[in-house]
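Shown here: input_20.pdb, PDB, C-alpha atoms, pLDDT in the B column.
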ATOM      1  CA  SER A   1      -4.919 -20.928  14.872  1.00 59.00           C
ATOM      2  CA  PHE A   2      -6.214 -20.303  11.363  1.00 57.00           C
ATOM      3  CA  GLN A   3      -7.991 -17.138  12.479  1.00 68.00           C
ATOM      4  CA  PHE A   4      -4.760 -15.731  13.912  1.00 63.00           C
ATOM      5  CA  VAL A   5      -2.839 -16.421  10.697  1.00 61.00           C
ATOM      6  CA  SER A   6      -5.569 -15.005   8.458  1.00 64.00           C
ATOM      7  CA  ASN A   7      -5.622 -11.807  10.537  1.00 72.00           C
ATOM      8  CA  ILE A   8      -1.904 -11.093  10.174  1.00 75.00           C
ATOM      9  CA  ARG A   9      -1.269  -7.822   8.346  1.00 76.00           C
ATOM     10  CA  ILE A  10       2.036  -7.497   6.518  1.00 81.00           C
ATOM     11  CA  ALA A  11       2.928  -3.981   5.360  1.00 75.00           C
ATOM     12  CA  ASP A  12       0.368  -2.846   2.764  1.00 79.00           C
ATOM     13  CA  LEU A  13      -0.061  -6.259   1.171  1.00 86.00           C
ATOM     14  CA  HIS A  14      -3.525  -7.258  -0.017  1.00 86.00           C
ATOM     15  CA  PHE A  15      -4.177 -10.968   0.359  1.00 85.00           C
ATOM     16  CA  GLU A  16      -7.985 -10.802   0.363  1.00 81.00           C
ATOM     17  CA  ASN A  17      -8.573  -9.108  -2.996  1.00 84.00           C
ATOM     18  CA  PRO A  18      -6.281  -8.393  -5.943  1.00 87.00           C
ATOM     19  CA  VAL A  19      -5.416  -4.699  -6.317  1.00 85.00           C
ATOM     20  CA  VAL A  20      -3.941  -2.454  -9.000  1.00 81.00           C
ATOM     21  CA  ILE A  21      -3.060   0.454  -6.721  1.00 80.00           C
ATOM     22  CA  PRO A  22      -1.228  -0.049  -3.421  1.00 82.00           C
ATOM     23  CA  CYS A  23      -3.513   2.098  -1.269  1.00 80.00           C
ATOM     24  CA  GLY A  24      -6.312   4.630  -1.315  1.00 75.00           C
ATOM     25  CA  ILE A  25      -3.981   7.630  -1.463  1.00 72.00           C
ATOM     26  CA  GLY A  26      -5.753  10.482  -3.170  1.00 64.00           C
ATOM     27  CA  SER A  27      -8.979   8.509  -3.519  1.00 69.00           C
ATOM     28  CA  ASN A  28     -10.517   7.242  -0.287  1.00 74.00           C
ATOM     29  CA  HIS A  29      -8.851   8.908   2.673  1.00 75.00           C
ATOM     30  CA  ILE A  30      -7.251  12.084   3.895  1.00 75.00           C
ATOM     31  CA  VAL A  31      -5.078  13.044   6.800  1.00 81.00           C
ATOM     32  CA  ILE A  32      -5.435  16.287   8.686  1.00 83.00           C
ATOM     33  CA  ASN A  33      -2.310  17.487  10.499  1.00 84.00           C
ATOM     34  CA  LEU A  34      -2.468  18.881  14.000  1.00 84.00           C
ATOM     35  CA  ASP A  35      -2.303  22.371  12.474  1.00 85.00           C
ATOM     36  CA  GLY A  36      -5.403  21.648  10.330  1.00 84.00           C
ATOM     37  CA  ARG A  37      -3.600  21.293   7.003  1.00 83.00           C
ATOM     38  CA  ILE A  38      -4.539  18.427   4.686  1.00 82.00           C
ATOM     39  CA  VAL A  39      -1.943  15.890   3.571  1.00 80.00           C
ATOM     40  CA  SER A  40      -2.442  12.842   1.388  1.00 75.00           C
ATOM     41  CA  CYS A  41      -1.509  10.026   3.738  1.00 80.00           C
ATOM     42  CA  PRO A  42      -0.083   9.258   7.192  1.00 82.00           C
ATOM     43  CA  MET A  43       3.364   8.873   5.625  1.00 81.00           C
ATOM     44  CA  ASP A  44       3.152  12.569   4.676  1.00 78.00           C
ATOM     45  CA  VAL A  45       2.076  13.820   8.092  1.00 80.00           C
ATOM     46  CA  ASP A  46       5.233  15.935   8.411  1.00 82.00           C
ATOM     47  CA  GLU A  47       4.793  17.471   4.941  1.00 77.00           C
ATOM     48  CA  ILE A  48       3.445  20.979   4.490  1.00 78.00           C
ATOM     49  CA  GLY A  49       0.067  20.015   2.987  1.00 78.00           C
ATOM     50  CA  ILE A  50      -2.628  22.480   2.031  1.00 78.00           C
ATOM     51  CA  ASP A  51      -4.951  24.739   3.977  1.00 80.00           C
ATOM     52  CA  PRO A  52      -8.566  23.589   3.656  1.00 77.00           C
ATOM     53  CA  ASP A  53     -11.240  25.955   2.360  1.00 74.00           C
ATOM     54  CA  LEU A  54     -14.500  26.345   4.220  1.00 71.00           C
ATOM     55  CA  ASP A  55     -15.746  23.231   2.398  1.00 75.00           C
ATOM     56  CA  ILE A  56     -13.302  20.566   3.566  1.00 72.00           C
ATOM     57  CA  LEU A  57     -14.642  17.947   1.132  1.00 71.00           C
ATOM     58  CA  GLU A  58     -14.059  20.235  -1.814  1.00 73.00           C
ATOM     59  CA  SER A  59     -10.549  20.961  -0.537  1.00 72.00           C
ATOM     60  CA  CYS A  60      -9.814  17.256  -0.289  1.00 70.00           C
ATOM     61  CA  GLN A  61     -11.097  16.571  -3.791  1.00 66.00           C
ATOM     62  CA  SER A  62      -8.913  19.317  -5.238  1.00 67.00           C
ATOM     63  CA  PHE A  63      -5.790  17.998  -3.512  1.00 64.00           C
ATOM     64  CA  THR A  64      -4.149  15.198  -5.472  1.00 60.00           C
ATOM     65  CA  PRO A  65      -0.549  14.328  -4.631  1.00 59.00           C
ATOM     66  CA  SER A  66       1.856  14.343  -7.572  1.00 55.00           C
ATOM     67  CA  TYR A  67       2.648  10.654  -7.176  1.00 52.00           C
ATOM     68  CA  VAL A  68      -1.003   9.727  -7.729  1.00 53.00           C
ATOM     69  CA  THR A  69      -1.105  11.479 -11.092  1.00 48.00           C
ATOM     70  CA  GLN A  70       2.120   9.913 -12.345  1.00 50.00           C
ATOM     71  CA  LYS A  71       2.123   6.675 -14.301  1.00 53.00           C
ATOM     72  CA  GLY A  72       1.683   3.430 -12.390  1.00 57.00           C
ATOM     73  CA  ALA A  73       4.125   0.729 -11.469  1.00 62.00           C
ATOM     74  CA  GLU A  74       7.171  -0.182 -13.505  1.00 70.00           C
ATOM     75  CA  ARG A  75       6.740  -2.652 -16.319  1.00 76.00           C
ATOM     76  CA  GLU A  76       8.692  -5.252 -14.319  1.00 80.00           C
ATOM     77  CA  CYS A  77       6.159  -4.983 -11.502  1.00 87.00           C
ATOM     78  CA  LEU A  78       3.181  -5.368 -13.799  1.00 85.00           C
ATOM     79  CA  TYR A  79       4.411  -8.786 -14.938  1.00 89.00           C
ATOM     80  CA  CYS A  80       5.281 -10.046 -11.457  1.00 92.00           C
ATOM     81  CA  GLN A  81       3.037 -12.806 -10.128  1.00 94.00           C
ATOM     82  CA  TRP A  82       2.761 -10.945  -6.826  1.00 94.00           C
ATOM     83  CA  PHE A  83       1.722  -7.576  -8.286  1.00 92.00           C
ATOM     84  CA  PRO A  84      -1.979  -8.115  -7.356  1.00 92.00           C
ATOM     85  CA  VAL A  85      -0.858  -8.459  -3.721  1.00 92.00           C
ATOM     86  CA  CYS A  86       1.592  -5.528  -3.431  1.00 91.00           C
ATOM     87  CA  ALA A  87       0.657  -3.326  -6.437  1.00 89.00           C
ATOM     88  CA  GLY A  88       4.203  -1.992  -6.565  1.00 88.00           C
ATOM     89  CA  GLY A  89       4.415  -0.949  -2.924  1.00 88.00           C
ATOM     90  CA  CYS A  90       3.888   2.348  -1.149  1.00 87.00           C
ATOM     91  CA  PRO A  91       4.233   5.280  -3.583  1.00 84.00           C
ATOM     92  CA  VAL A  92       5.521   7.550  -0.803  1.00 84.00           C
ATOM     93  CA  THR A  93       8.279   5.108   0.159  1.00 88.00           C
ATOM     94  CA  ASN A  94       9.127   4.495  -3.497  1.00 87.00           C
ATOM     95  CA  SER A  95       9.311   8.225  -4.118  1.00 84.00           C
ATOM     96  CA  ARG A  96      11.485   8.908  -1.097  1.00 87.00           C
ATOM     97  CA  ILE A  97      13.970   6.120  -1.823  1.00 92.00           C
ATOM     98  CA  ASN A  98      13.898   5.815  -5.633  1.00 89.00           C
ATOM     99  CA  ARG A  99      12.702   9.334  -6.477  1.00 87.00           C
ATOM    100  CA  ASN A 100       9.839   7.772  -8.442  1.00 83.00           C
ATOM    101  CA  PRO A 101       6.498   6.778  -6.893  1.00 81.00           C
ATOM    102  CA  GLY A 102       5.859   4.209  -9.624  1.00 81.00           C
ATOM    103  CA  SER A 103       9.247   2.558  -9.262  1.00 86.00           C
ATOM    104  CA  LYS A 104       9.887  -0.947  -8.024  1.00 89.00           C
ATOM    105  CA  SER A 105       9.443  -1.043  -4.267  1.00 91.00           C
ATOM    106  CA  PRO A 106      12.599  -1.127  -2.152  1.00 93.00           C
ATOM    107  CA  LEU A 107      10.771  -3.920  -0.302  1.00 94.00           C
ATOM    108  CA  CYS A 108      10.359  -6.024  -3.458  1.00 94.00           C
ATOM    109  CA  GLU A 109      12.737  -8.796  -2.413  1.00 95.00           C
ATOM    110  CA  PHE A 110      11.076  -8.962   1.007  1.00 95.00           C
ATOM    111  CA  TYR A 111       7.639  -9.156  -0.665  1.00 94.00           C
ATOM    112  CA  ARG A 112       8.851 -11.943  -2.993  1.00 95.00           C
ATOM    113  CA  PHE A 113       9.928 -13.901   0.093  1.00 96.00           C
ATOM    114  CA  ILE A 114       7.089 -13.149   2.509  1.00 94.00           C
ATOM    115  CA  ILE A 115       4.076 -13.457   0.186  1.00 94.00           C
ATOM    116  CA  PRO A 116       4.593 -17.146  -0.718  1.00 95.00           C
ATOM    117  CA  ALA A 117       5.665 -17.895   2.882  1.00 93.00           C
ATOM    118  CA  TYR A 118       2.425 -16.337   4.177  1.00 90.00           C
ATOM    119  CA  ILE A 119       0.316 -18.223   1.631  1.00 90.00           C
ATOM    120  CA  ASP A 120       2.068 -21.474   2.571  1.00 92.00           C
ATOM    121  CA  LEU A 121       1.451 -20.865   6.290  1.00 88.00           C
ATOM    122  CA  LEU A 122      -2.174 -19.965   5.664  1.00 85.00           C
ATOM    123  CA  GLY A 123      -2.654 -23.129   3.587  1.00 87.00           C
ATOM    124  CA  LYS A 124      -1.116 -25.314   6.304  1.00 88.00           C
ATOM    125  CA  LYS A 125      -3.362 -23.761   8.933  1.00 85.00           C
ATOM    126  CA  MET A 126      -6.418 -24.333   6.732  1.00 83.00           C
ATOM    127  CA  ILE A 127      -5.500 -28.016   6.359  1.00 87.00           C
ATOM    128  CA  GLN A 128      -4.983 -28.334  10.133  1.00 83.00           C
ATOM    129  CA  GLU A 129      -8.394 -26.769  10.813  1.00 80.00           C
ATOM    130  CA  ASN A 130     -10.082 -29.289   8.492  1.00 81.00           C
ATOM    131  CA  LYS A 131      -8.553 -32.383  10.156  1.00 75.00           C
TER     132      LYS A 131
END

What is this structure when it is put down as structure tokens?
Amino acid sequence: SFQFVSNIRIADLHFENPVVIPCGIGSNHIVINLDGRIVSCPMDVDEIGIDPDLDILESCQSFTPSYVTQKGAERECLYCQWFPVCAGGCPVTNSRINRNPGSKSPLCEFYRFIIPAYIDLLGKKMIQENK
């Protein structure tokens, strides 16, 4: 059904609204490890993190991962028609594989295949629903 297709989540792709950053890392969420330390995202759950002060909100605001402060996506990404959907991919994955959070995502070729395929499927389902 159309509802099923429109509810499919693929990686961190944003089909509903165009984006310029791939996720809310360092801006709208935090992760607290089992030992109480703060890390920037679920991908970093095994990282050391920081110890929170008594004011956990203040601690979170002071903690900004290095890949958030670095420059954004590569120039090639900025000119890609699919950049508003992927925003360059996960900065943690990019950093781990390419040693640069703003580098071209290792999933770029997959994104270039799956994004138009998803849009095509969604369009076909919309047409079927209107018949």

Could you check the closest approach to Glu109 of chain A for each of A:Leu54, A:Ser59, A:Cys80, A:Cys23 and tell me which residue wins, using only C-alpha atoms?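 Closest residue, counting only C-alpha atoms: A:Cys80.
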
Would you compute the distance between atom CA of Ile114 of chain A and atom CA of Pro91 of chain A? Give it in Å to one decimal.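 Pair atom CA of Ile114 of chain A / atom CA of Pro91 of chain A returns 19.6 Å.
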
If we count only C-alpha atoms, what is near Ile32 of chain A at a cut-off of 9 Å, once residues fewer than 5 positions away on the same chain are taken out, given as a PyMOL selection string? chain A and resi 37-42+45+49

As a PyMOL selection string, please: the residues near Phe83 of chain A (cut-off 12 Å, all atoms listed in the file, same-chain neighbours under 6 positions excluded). chain A and resi 13-15+17-22+72-77+89+104-105+108+111-112+115

Centre and edge lengths, as lines of an AutoDock Vina configuration file, for the axis-aligned box enclosing every listed atom of segment 42-61 of chain A with 3 Å of padding on each of the six sides, in Å to one decimal?
center_x = -5.3
center_y = 17.6
center_z = 2.3
size_x = 27.0
size_y = 23.5
size_z = 18.2

Which residue, A:Ile48, A:Leu34, A:Tyr118, A:Tyr79, has the smallest gap to Arg9 of chain A when you use all atoms listed in the file? A:Tyr118

Between atom CA of Ala87 of chain A and atom CA of Phe110 of chain A, measure the distance and give it in Å to one decimal.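 Between these atoms lies a distance of 14.0 Å.
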
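Among the candidates A:Ile127, A:Ile119, A:Met43, A:Gly102, the residue lying nearest to Glu16 of chain A is A:Ile119 (atoms considered: only C-alpha atoms).
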
Do you have the atom CA of Lys124 of chain A-atom CA of Gln81 of chain A distance handy?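 Computing it gives 21.1 Å between the two atoms.
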
Which residue, A:Ser95, A:Gln128, A:Asn33, A:Asn28, has the smallest gap to Pro52 of chain A when you use all atoms listed in the file? A:Asn33

From the structure block, carefully write segment 50-62 of chain A out with N, CA and C atoms; format it as a PDB file, in the first residue's frame.
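Output file selection_22.pdb is given in full below:
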ATOM      1  N   ILE A  50      32.073  11.971  27.817  1.00  0.00           N
ATOM      2  CA  ILE A  50      32.450  12.878  28.905  1.00  0.00           C
ATOM      3  C   ILE A  50      31.581  12.609  30.122  1.00  0.00           C
ATOM      4  N   ASP A  51      32.111  12.947  31.279  1.00  0.00           N
ATOM      5  CA  ASP A  51      31.333  12.851  32.515  1.00  0.00           C
ATOM      6  C   ASP A  51      30.460  14.096  32.621  1.00  0.00           C
ATOM      7  N   PRO A  52      29.173  13.932  32.895  1.00  0.00           N
ATOM      8  CA  PRO A  52      28.312  15.110  33.030  1.00  0.00           C
ATOM      9  C   PRO A  52      28.559  15.814  34.355  1.00  0.00           C
ATOM     10  N   ASP A  53      28.383  17.146  34.348  1.00  0.00           N
ATOM     11  CA  ASP A  53      28.411  17.921  35.583  1.00  0.00           C
ATOM     12  C   ASP A  53      27.069  17.720  36.282  1.00  0.00           C
ATOM     13  N   LEU A  54      26.878  18.432  37.363  1.00  0.00           N
ATOM     14  CA  LEU A  54      25.594  18.344  38.058  1.00  0.00           C
ATOM     15  C   LEU A  54      24.447  18.799  37.157  1.00  0.00           C
ATOM     16  N   ASP A  55      24.710  19.793  36.305  1.00  0.00           N
ATOM     17  CA  ASP A  55      23.703  20.269  35.358  1.00  0.00           C
ATOM     18  C   ASP A  55      23.919  19.547  34.033  1.00  0.00           C
ATOM     19  N   ILE A  56      23.122  18.506  33.794  1.00  0.00           N
ATOM     20  CA  ILE A  56      23.326  17.669  32.612  1.00  0.00           C
ATOM     21  C   ILE A  56      23.094  18.446  31.315  1.00  0.00           C
ATOM     22  N   LEU A  57      22.163  19.397  31.317  1.00  0.00           N
ATOM     23  CA  LEU A  57      21.923  20.187  30.107  1.00  0.00           C
ATOM     24  C   LEU A  57      23.132  21.037  29.753  1.00  0.00           C
ATOM     25  N   GLU A  58      23.737  21.631  30.754  1.00  0.00           N
ATOM     26  CA  GLU A  58      24.929  22.433  30.524  1.00  0.00           C
ATOM     27  C   GLU A  58      26.076  21.552  30.007  1.00  0.00           C
ATOM     28  N   SER A  59      26.198  20.362  30.555  1.00  0.00           N
ATOM     29  CA  SER A  59      27.219  19.424  30.095  1.00  0.00           C
ATOM     30  C   SER A  59      27.006  19.079  28.624  1.00  0.00           C
ATOM     31  N   CYS A  60      25.770  18.828  28.269  1.00  0.00           N
ATOM     32  CA  CYS A  60      25.455  18.471  26.884  1.00  0.00           C
ATOM     33  C   CYS A  60      25.760  19.617  25.936  1.00  0.00           C
ATOM     34  N   GLN A  61      25.433  20.837  26.342  1.00  0.00           N
ATOM     35  CA  GLN A  61      25.680  21.989  25.489  1.00  0.00           C
ATOM     36  C   GLN A  61      27.170  22.241  25.305  1.00  0.00           C
ATOM     37  N   SER A  62      27.973  21.890  26.286  1.00  0.00           N
ATOM     38  CA  SER A  62      29.409  22.133  26.178  1.00  0.00           C
ATOM     39  C   SER A  62      30.116  21.045  25.371  1.00  0.00           C
TER      40      SER A  62
END
